[in-house]
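*Asks:* Please find one structure pasted underneath; my questions will follow.
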Amino acid sequence: MAVRLHDCSATVFGPRVHSWQCNRHGVIERDGKWYCRQHDPEAIKNRRDESNQQWRNKQRRDDAIETEGKRLARRLGLKATTYWHHGSTLSKSGPSRALVIDFDELAKWAENHKRLSEVE
Ligand SMILES: [Zn+2]
């Protein structure tokens with residue numbers, strides 16, 4: 001039985017203005033066009049959905065940590081009303097009574113107190 005080889009249909013955008021057709025063989029057919037594994041529109045969509053989901057999970061974790069940070073600040077009697085994320089730290093705005101909490105340290109603290117279990 002003869003094996004028919006198809007070229008991948010994707011156009012690859014290189015640096016600057018150059019673009020060319022992908023030189024890998026097509027292994028999957030979508031709507032009459034062939035694509036290699038990397039350029040399979042379904043696979044691209046799945047990868048994007050997965051990265052969106054990871055982003056949402058991270059956002060949810062950050063929100064939970066921020067909530068914990070505010071709660072902890074209140075407990076410590078700090079007048080912390082506004083926070084911002086900077087790198088992996090959570091900081092209180094304002095010139096005095098600055099509160100800087102390392103996200104990883106706070107996450108460890110929160111996990112030790114089993115407070116993240118509510119959002120998992
Ligand atoms: Zn391709």
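Naming scheme: A, B, ... for chains in displayed order of the structure tokens; residues 1 onward per chain; ligands 1 onward as shown.
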If you count only C-alpha atoms and all ligand atoms, which residues end up within 9 Å of ligand 1, as a PyMOL selection string?
*Replies:* chain A and resi 7-12+21-26+34-40
*Asks:* Restrict the selected residues to N, CA and C atoms and save them as a PDB file, in the first residue's frame.
*Replies:*
```
ATOM      1  N   ASP A   7       1.955  17.874   2.700  1.00  0.00           N
ATOM      2  CA  ASP A   7       2.704  18.923   3.380  1.00  0.00           C
ATOM      3  C   ASP A   7       1.789  19.624   4.371  1.00  0.00           C
ATOM      4  N   CYS A   8       2.371  20.101   5.461  1.00  0.00           N
ATOM      5  CA  CYS A   8       1.606  20.870   6.441  1.00  0.00           C
ATOM      6  C   CYS A   8       1.166  22.172   5.780  1.00  0.00           C
ATOM      7  N   SER A   9      -0.066  22.623   6.018  1.00  0.00           N
ATOM      8  CA  SER A   9      -0.623  23.822   5.376  1.00  0.00           C
ATOM      9  C   SER A   9      -0.274  25.121   6.078  1.00  0.00           C
ATOM     10  N   ALA A  10       0.319  25.029   7.268  1.00  0.00           N
ATOM     11  CA  ALA A  10       0.538  26.238   8.066  1.00  0.00           C
ATOM     12  C   ALA A  10       1.610  27.136   7.476  1.00  0.00           C
ATOM     13  N   THR A  11       1.383  28.449   7.589  1.00  0.00           N
ATOM     14  CA  THR A  11       2.393  29.429   7.219  1.00  0.00           C
ATOM     15  C   THR A  11       3.135  29.826   8.483  1.00  0.00           C
ATOM     16  N   VAL A  12       4.441  29.783   8.419  1.00  0.00           N
ATOM     17  CA  VAL A  12       5.246  30.089   9.591  1.00  0.00           C
ATOM     18  C   VAL A  12       5.783  31.511   9.456  1.00  0.00           C
ATOM     19  N   GLN A  21       5.953  28.481   4.141  1.00  0.00           N
ATOM     20  CA  GLN A  21       5.083  27.367   4.509  1.00  0.00           C
ATOM     21  C   GLN A  21       5.882  26.384   5.354  1.00  0.00           C
ATOM     22  N   CYS A  22       5.237  25.866   6.384  1.00  0.00           N
ATOM     23  CA  CYS A  22       5.885  24.906   7.272  1.00  0.00           C
ATOM     24  C   CYS A  22       6.410  23.745   6.443  1.00  0.00           C
ATOM     25  N   ASN A  23       7.623  23.299   6.728  1.00  0.00           N
ATOM     26  CA  ASN A  23       8.200  22.232   5.899  1.00  0.00           C
ATOM     27  C   ASN A  23       8.033  20.830   6.479  1.00  0.00           C
ATOM     28  N   ARG A  24       7.228  20.730   7.537  1.00  0.00           N
ATOM     29  CA  ARG A  24       6.957  19.392   8.068  1.00  0.00           C
ATOM     30  C   ARG A  24       5.812  18.747   7.287  1.00  0.00           C
ATOM     31  N   HIS A  25       5.733  17.435   7.369  1.00  0.00           N
ATOM     32  CA  HIS A  25       4.654  16.722   6.720  1.00  0.00           C
ATOM     33  C   HIS A  25       3.372  16.871   7.531  1.00  0.00           C
ATOM     34  N   GLY A  26       2.251  16.905   6.799  1.00  0.00           N
ATOM     35  CA  GLY A  26       0.965  16.946   7.478  1.00  0.00           C
ATOM     36  C   GLY A  26       0.629  15.561   7.993  1.00  0.00           C
ATOM     37  N   TRP A  34      -4.054  19.852   5.431  1.00  0.00           N
ATOM     38  CA  TRP A  34      -3.217  18.988   6.255  1.00  0.00           C
ATOM     39  C   TRP A  34      -2.303  19.818   7.147  1.00  0.00           C
ATOM     40  N   TYR A  35      -2.087  19.317   8.332  1.00  0.00           N
ATOM     41  CA  TYR A  35      -1.232  20.023   9.290  1.00  0.00           C
ATOM     42  C   TYR A  35      -0.305  19.055  10.015  1.00  0.00           C
ATOM     43  N   CYS A  36       0.875  19.564  10.343  1.00  0.00           N
ATOM     44  CA  CYS A  36       1.775  18.772  11.182  1.00  0.00           C
ATOM     45  C   CYS A  36       1.227  18.826  12.601  1.00  0.00           C
ATOM     46  N   ARG A  37       1.839  18.051  13.481  1.00  0.00           N
ATOM     47  CA  ARG A  37       1.342  17.994  14.859  1.00  0.00           C
ATOM     48  C   ARG A  37       1.342  19.376  15.531  1.00  0.00           C
ATOM     49  N   GLN A  38       2.391  20.155  15.249  1.00  0.00           N
ATOM     50  CA  GLN A  38       2.511  21.455  15.918  1.00  0.00           C
ATOM     51  C   GLN A  38       1.456  22.451  15.448  1.00  0.00           C
ATOM     52  N   HIS A  39       1.102  22.384  14.139  1.00  0.00           N
ATOM     53  CA  HIS A  39       0.199  23.379  13.585  1.00  0.00           C
ATOM     54  C   HIS A  39      -1.253  22.912  13.461  1.00  0.00           C
ATOM     55  N   ASP A  40      -1.536  21.730  13.988  1.00  0.00           N
ATOM     56  CA  ASP A  40      -2.905  21.236  13.994  1.00  0.00           C
ATOM     57  C   ASP A  40      -3.770  22.239  14.764  1.00  0.00           C
TER      58      ASP A  40
END
```
*Asks:* Rounded to one decimal place, report the CA of Gln53 (chain A)-CA of Pro41 (chain A) distance in Å.
*Replies:*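 Calculated distance between CA of Gln53 (chain A) and CA of Pro41 (chain A) is 18.2 Å.
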*Asks:* Tell me, in Å to one decimal, how far CA of Gln54 (chain A) is from CA of Val27 (chain A).
*Replies:*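 According to the coordinates, CA of Gln54 (chain A) and CA of Val27 (chain A) are separated by 28.0 Å.
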*Asks:* Which distance in Å separates CA of Lys45 (chain A) and CA of Arg30 (chain A), to one decimal?
*Replies:*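 CA of Arg30 (chain A) lies at a distance of 13.0 Å from CA of Lys45 (chain A).
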*Asks:* Taking only region 22-61 of chain A into account, list the residues labelled helix (DSSP H, G or I) by DSSP (computed from the backbone), as a count of residues only.
*Replies:* 21
